[in-house]
Amino acid sequence: MMQPLLIGGRLDRLRAALTTTHTAQWRRLHEQCAWYRGQSPPAEHPLASITWLGPAAMNLALAYRLTGQPGYLAEARRWIGAAVSYPHWGRAKMPDHDLDAGWLLHGLSLAYSWLRDDLPAGEADALGAKLRLQGGRMYDFAVRTEGSWWSSSYWQNHNWICYAGLAAAGYALDVPAWSDRARDNLGTVLDLLPADGSDAEGVVYWRYGVPWLAIHLDLLQHAEGVDWWERGGFLRHTFAWRLHQCAPGFEENVDHGDCHDRRSGHSVALYHKLAAVYRDGHAAWLADRVARQHFWREAYASGVRPGVMPEAGYELLWYDPRVAPVDPAGTAATTAYFPDLGQVTARTGWHDTAAFVSFKSAPGGGHTAWETSHRLRRESGWETLNAGHHHPDAGSFVFGSHGEFLAVDDGYCNGKRAAHHNLVLVDGQGWAGEDRYHVYQDLPYERQARLRDVLATGGLVHATSESAAMFDPALGVRRVDRTLVFTPSGRLVLLDELAADQPREWTFLLHSDWPAEVVDGDLALRSGPAQAWVRRLAPADAPVETTTTTIEANPTASTPSLRIVRELRTVRVRVGPSGRQRLLTAIEPTSALAPEPATAETVPCVAGSGVRFGTGETVLLSPGERRIDGGGVDADAAAVILLPGADGQSGRLGLVAATRVEVAGRTLLDGAEPVSGVLPWPA
């Protein structure tokens, strides 16, 4: 008989650790098991999802294996009996063939592995038979649908969850065909996931999906002795991506992609596992921070099921006290660039009231998924890219300060539209093929957005998004380029360069949680203690309209009655009609309780565009022509950013694609190869 899955030889060590190094994790598990005692699994399969039954059985079985307390065995039998009694696993969507079945296959397979010698013979046989039935159904579906839906959707959480469940059943029942197929799929997934650790599905689905890759790898390592933790690079780097998706304060997250709320983004269990495997002190620190300060609010305020509560068993199994927590403050960079997803992030520090920004632009699913899926379609006719959680948001950004969001994203949405994001519309229209769930489905290969001219270092970010290819060809759009600059003081500059074959109306959109206010010609975004001034520098006289954008979604077809409705407060600035247009906008964060005045002003330029702030920070841009003449700077460059030092001390000079730079008549750079970086600069 196979050794019990996952814990095997670790059982004695874990049992001893319950009263020493693992007391907090043991408390989480026994409290979660006590919660199950007050719940009643449905006697009949409800219309809603039953995923939560799987981890209930697993957690109770683990508690029994660790303690031998008969109450845990009795509770596990109650939950197992309910799941075994259902003729199908899953009801509203793809019964037996999707997430419900994957979750239950995993949880009940572990329970079977850990309890089969302690269950009454009839119950053990019934559970084994049910797992064999459901595993067979899942396996047959995966084989039958190869090349379509989750069976070959390598970048999608359904693939990871269903195959992890199938693997667990294959190992528990000794059915190599199931575990072998799951293992082969896992290898392909690890090879194809982006090595930069980014996830196009967004933070909430990262929290939901990526733990299943860790579960499967743990199963594989225990059952077959195969160590794939370094394969492909995604898992080694994905915590760094997740860390940079934390809004200041760490409780909320950047909500690109399908994020039904800003809190459902943490997995203490996964942080423990990544910390243990990669000796990552930042992951250990965030696990501890979330467990101590944010866990209960996430568990109850998000309203998500199963949510984070059932991860108690893995929080215990994956915790390694030998990894010392390391606070990101002073040790982690404040800027980051993730090329596969075309995302840059920046913050003024890791303190709770820092200003922060996230800006992104990439093809559907990210570059690797887009390139690979189109290749597989050409070679085999397979449809492998399901980017339904990736929004039409290339060129959009989120921004906040003082612990609040000021420029926001739309969250979860079924009918996805560019108008839900901080973007530019053309004649009031968004992207071609939008207003559906999977806006990238069946788009031709060349329909891609991208990020270029990236500089992300030392608190300074510069990047340019290109998204003209995403509009209806009938509009004749030739250029929709947005350059975003985030300065070390937390100020933003946006330059939109727009062009079409004939005059078009261009609509600049800015969304917030609370209505924007017009104050002395500027826009004020406010949210609690935070405020930002939005100054429209060019054209300064364009009419401004404020309105409401309503977003409605059902985040899971497994629970048809679930509805999420969100209202964005929207600013629209209409410009044109014109064949070419340039929009220049500055955003300055300040306190809402003691606001400082806006300082942004236009820098007169013979070539290029410029913005100067009251502190002397000056941003000079020419992303297309790469010729700058203004503000005392004469340069051949996409950007020159002057960052004076404090109290007259030497500052810094940010350069993007620069070959020649003169500042105040002094030549600082002259060469054939373009240079991007930060140089010392005399104040």
# chains A, B, ... in the order shown; residues from 1 in each chain; ligands from 1

$ select_by_dssp --residues "range 338-499 of chain A" --states "helix (DSSP H, G or I)" --output "MDAnalysis selection string"
chainID A and resid 367:380 418:420 468:470 473:475

$ write_last_selection --atoms "N, CA, C and O atoms" --output "PDB file, in the first residue's frame"
ATOM      1  N   HIS A 367       2.819  37.650 -23.319  1.00  0.00           N
ATOM      2  CA  HIS A 367       3.554  37.347 -24.554  1.00  0.00           C
ATOM      3  C   HIS A 367       3.754  35.852 -24.772  1.00  0.00           C
ATOM      4  O   HIS A 367       3.547  35.334 -25.877  1.00  0.00           O
ATOM      5  N   THR A 368       4.165  35.126 -23.728  1.00  0.00           N
ATOM      6  CA  THR A 368       4.423  33.695 -23.905  1.00  0.00           C
ATOM      7  C   THR A 368       3.162  32.949 -24.307  1.00  0.00           C
ATOM      8  O   THR A 368       3.172  32.134 -25.241  1.00  0.00           O
ATOM      9  N   ALA A 369       2.064  33.214 -23.611  1.00  0.00           N
ATOM     10  CA  ALA A 369       0.809  32.530 -23.926  1.00  0.00           C
ATOM     11  C   ALA A 369       0.330  32.885 -25.326  1.00  0.00           C
ATOM     12  O   ALA A 369      -0.152  32.015 -26.069  1.00  0.00           O
ATOM     13  N   TRP A 370       0.444  34.151 -25.692  1.00  0.00           N
ATOM     14  CA  TRP A 370      -0.023  34.567 -27.021  1.00  0.00           C
ATOM     15  C   TRP A 370       0.794  33.896 -28.124  1.00  0.00           C
ATOM     16  O   TRP A 370       0.239  33.330 -29.076  1.00  0.00           O
ATOM     17  N   GLU A 371       2.105  33.954 -27.995  1.00  0.00           N
ATOM     18  CA  GLU A 371       2.970  33.362 -29.026  1.00  0.00           C
ATOM     19  C   GLU A 371       2.775  31.853 -29.105  1.00  0.00           C
ATOM     20  O   GLU A 371       2.614  31.282 -30.192  1.00  0.00           O
ATOM     21  N   THR A 372       2.787  31.195 -27.955  1.00  0.00           N
ATOM     22  CA  THR A 372       2.710  29.735 -27.942  1.00  0.00           C
ATOM     23  C   THR A 372       1.345  29.241 -28.398  1.00  0.00           C
ATOM     24  O   THR A 372       1.253  28.264 -29.148  1.00  0.00           O
ATOM     25  N   SER A 373       0.289  29.882 -27.958  1.00  0.00           N
ATOM     26  CA  SER A 373      -1.053  29.424 -28.337  1.00  0.00           C
ATOM     27  C   SER A 373      -1.280  29.557 -29.830  1.00  0.00           C
ATOM     28  O   SER A 373      -1.910  28.679 -30.451  1.00  0.00           O
ATOM     29  N   HIS A 374      -0.780  30.612 -30.425  1.00  0.00           N
ATOM     30  CA  HIS A 374      -0.934  30.750 -31.881  1.00  0.00           C
ATOM     31  C   HIS A 374      -0.087  29.720 -32.617  1.00  0.00           C
ATOM     32  O   HIS A 374      -0.498  29.196 -33.670  1.00  0.00           O
ATOM     33  N   ARG A 375       1.090  29.410 -32.078  1.00  0.00           N
ATOM     34  CA  ARG A 375       1.904  28.363 -32.700  1.00  0.00           C
ATOM     35  C   ARG A 375       1.200  27.010 -32.618  1.00  0.00           C
ATOM     36  O   ARG A 375       1.156  26.257 -33.607  1.00  0.00           O
ATOM     37  N   LEU A 376       0.645  26.678 -31.462  1.00  0.00           N
ATOM     38  CA  LEU A 376      -0.045  25.399 -31.314  1.00  0.00           C
ATOM     39  C   LEU A 376      -1.295  25.325 -32.188  1.00  0.00           C
ATOM     40  O   LEU A 376      -1.641  24.248 -32.688  1.00  0.00           O
ATOM     41  N   ARG A 377      -1.961  26.451 -32.368  1.00  0.00           N
ATOM     42  CA  ARG A 377      -3.117  26.449 -33.266  1.00  0.00           C
ATOM     43  C   ARG A 377      -2.680  26.152 -34.696  1.00  0.00           C
ATOM     44  O   ARG A 377      -3.323  25.376 -35.408  1.00  0.00           O
ATOM     45  N   ARG A 378      -1.572  26.776 -35.121  1.00  0.00           N
ATOM     46  CA  ARG A 378      -1.080  26.529 -36.482  1.00  0.00           C
ATOM     47  C   ARG A 378      -0.634  25.081 -36.658  1.00  0.00           C
ATOM     48  O   ARG A 378      -0.905  24.455 -37.684  1.00  0.00           O
ATOM     49  N   GLU A 379       0.062  24.537 -35.657  1.00  0.00           N
ATOM     50  CA  GLU A 379       0.670  23.223 -35.804  1.00  0.00           C
ATOM     51  C   GLU A 379      -0.304  22.072 -35.602  1.00  0.00           C
ATOM     52  O   GLU A 379      -0.193  21.039 -36.279  1.00  0.00           O
ATOM     53  N   SER A 380      -1.253  22.236 -34.658  1.00  0.00           N
ATOM     54  CA  SER A 380      -2.112  21.103 -34.306  1.00  0.00           C
ATOM     55  C   SER A 380      -3.598  21.410 -34.308  1.00  0.00           C
ATOM     56  O   SER A 380      -4.411  20.495 -34.120  1.00  0.00           O
ATOM     57  N   ALA A 418     -13.045  48.196 -22.973  1.00  0.00           N
ATOM     58  CA  ALA A 418     -11.968  49.155 -22.724  1.00  0.00           C
ATOM     59  C   ALA A 418     -12.477  50.353 -21.943  1.00  0.00           C
ATOM     60  O   ALA A 418     -11.734  50.961 -21.162  1.00  0.00           O
ATOM     61  N   ALA A 419     -13.751  50.700 -22.121  1.00  0.00           N
ATOM     62  CA  ALA A 419     -14.325  51.859 -21.430  1.00  0.00           C
ATOM     63  C   ALA A 419     -14.381  51.675 -19.925  1.00  0.00           C
ATOM     64  O   ALA A 419     -14.621  52.636 -19.197  1.00  0.00           O
ATOM     65  N   HIS A 420     -14.154  50.460 -19.432  1.00  0.00           N
ATOM     66  CA  HIS A 420     -14.129  50.213 -17.992  1.00  0.00           C
ATOM     67  C   HIS A 420     -12.770  50.531 -17.375  1.00  0.00           C
ATOM     68  O   HIS A 420     -12.601  50.379 -16.168  1.00  0.00           O
ATOM     69  N   ALA A 468      -2.800  50.610 -30.626  1.00  0.00           N
ATOM     70  CA  ALA A 468      -3.603  50.942 -31.810  1.00  0.00           C
ATOM     71  C   ALA A 468      -4.136  49.697 -32.503  1.00  0.00           C
ATOM     72  O   ALA A 468      -5.236  49.715 -33.079  1.00  0.00           O
ATOM     73  N   ALA A 469      -3.382  48.597 -32.459  1.00  0.00           N
ATOM     74  CA  ALA A 469      -3.798  47.374 -33.149  1.00  0.00           C
ATOM     75  C   ALA A 469      -5.061  46.769 -32.572  1.00  0.00           C
ATOM     76  O   ALA A 469      -5.689  45.917 -33.213  1.00  0.00           O
ATOM     77  N   MET A 470      -5.480  47.194 -31.396  1.00  0.00           N
ATOM     78  CA  MET A 470      -6.627  46.580 -30.743  1.00  0.00           C
ATOM     79  C   MET A 470      -7.962  47.186 -31.180  1.00  0.00           C
ATOM     80  O   MET A 470      -9.026  46.658 -30.825  1.00  0.00           O
ATOM     81  N   PRO A 473     -10.300  47.913 -37.357  1.00  0.00           N
ATOM     82  CA  PRO A 473      -9.558  48.465 -38.497  1.00  0.00           C
ATOM     83  C   PRO A 473     -10.329  49.527 -39.268  1.00  0.00           C
ATOM     84  O   PRO A 473      -9.729  50.412 -39.897  1.00  0.00           O
ATOM     85  N   ALA A 474     -11.668  49.467 -39.226  1.00  0.00           N
ATOM     86  CA  ALA A 474     -12.473  50.452 -39.949  1.00  0.00           C
ATOM     87  C   ALA A 474     -12.269  51.860 -39.408  1.00  0.00           C
ATOM     88  O   ALA A 474     -12.545  52.850 -40.114  1.00  0.00           O
ATOM     89  N   LEU A 475     -11.802  51.993 -38.178  1.00  0.00           N
ATOM     90  CA  LEU A 475     -11.558  53.311 -37.610  1.00  0.00           C
ATOM     91  C   LEU A 475     -10.275  53.939 -38.144  1.00  0.00           C
ATOM     92  O   LEU A 475     -10.059  55.147 -37.972  1.00  0.00           O
TER      93      LEU A 475
END

$ residues_around --residues "Val454 in chain A" --least-positions-apart "3" --cutoff "10 Å" --atoms "only C-alpha atoms" --output "PyMOL selection string"
chain A and resi 337+339+342-344+451+457+461-465+483-485+656-657+676-677

$ closest_atom_pairs --of "range 178-295 of chain A" --to "range 392-396 of chain A" --cutoff "12 Å" --atoms "only C-alpha atoms" --output "JSON lines"
{"residue": "A:Ala200", "atom": "CA", "partner": "A:Asp393", "partner_atom": "CA", "distance": 11.2}
{"residue": "A:Asp255", "atom": "CA", "partner": "A:Asp393", "partner_atom": "CA", "distance": 11.5}
{"residue": "A:His256", "atom": "CA", "partner": "A:Asp393", "partner_atom": "CA", "distance": 8.1}
{"residue": "A:Gly257", "atom": "CA", "partner": "A:Asp393", "partner_atom": "CA", "distance": 8.5}
{"residue": "A:Asp258", "atom": "CA", "partner": "A:Pro392", "partner_atom": "CA", "distance": 11.1}

$ closest_residue --among "A:Arg482, A:His260, A:His282, A:His294" --to "Ala240 in chain A" --atoms "only C-alpha atoms"
A:His282

$ residues_around --residues "Leu5 in chain A" --least-positions-apart "3" --cutoff "10 Å" --atoms "only C-alpha atoms" --output "ChimeraX atom specification"
/A:2,8-9,109-114,168,171-172,218-220,222-223

$ atom_distance --atom1 "CA of Pro444 in chain A" --atom2 "CA of Phe234 in chain A"
26.9 Å
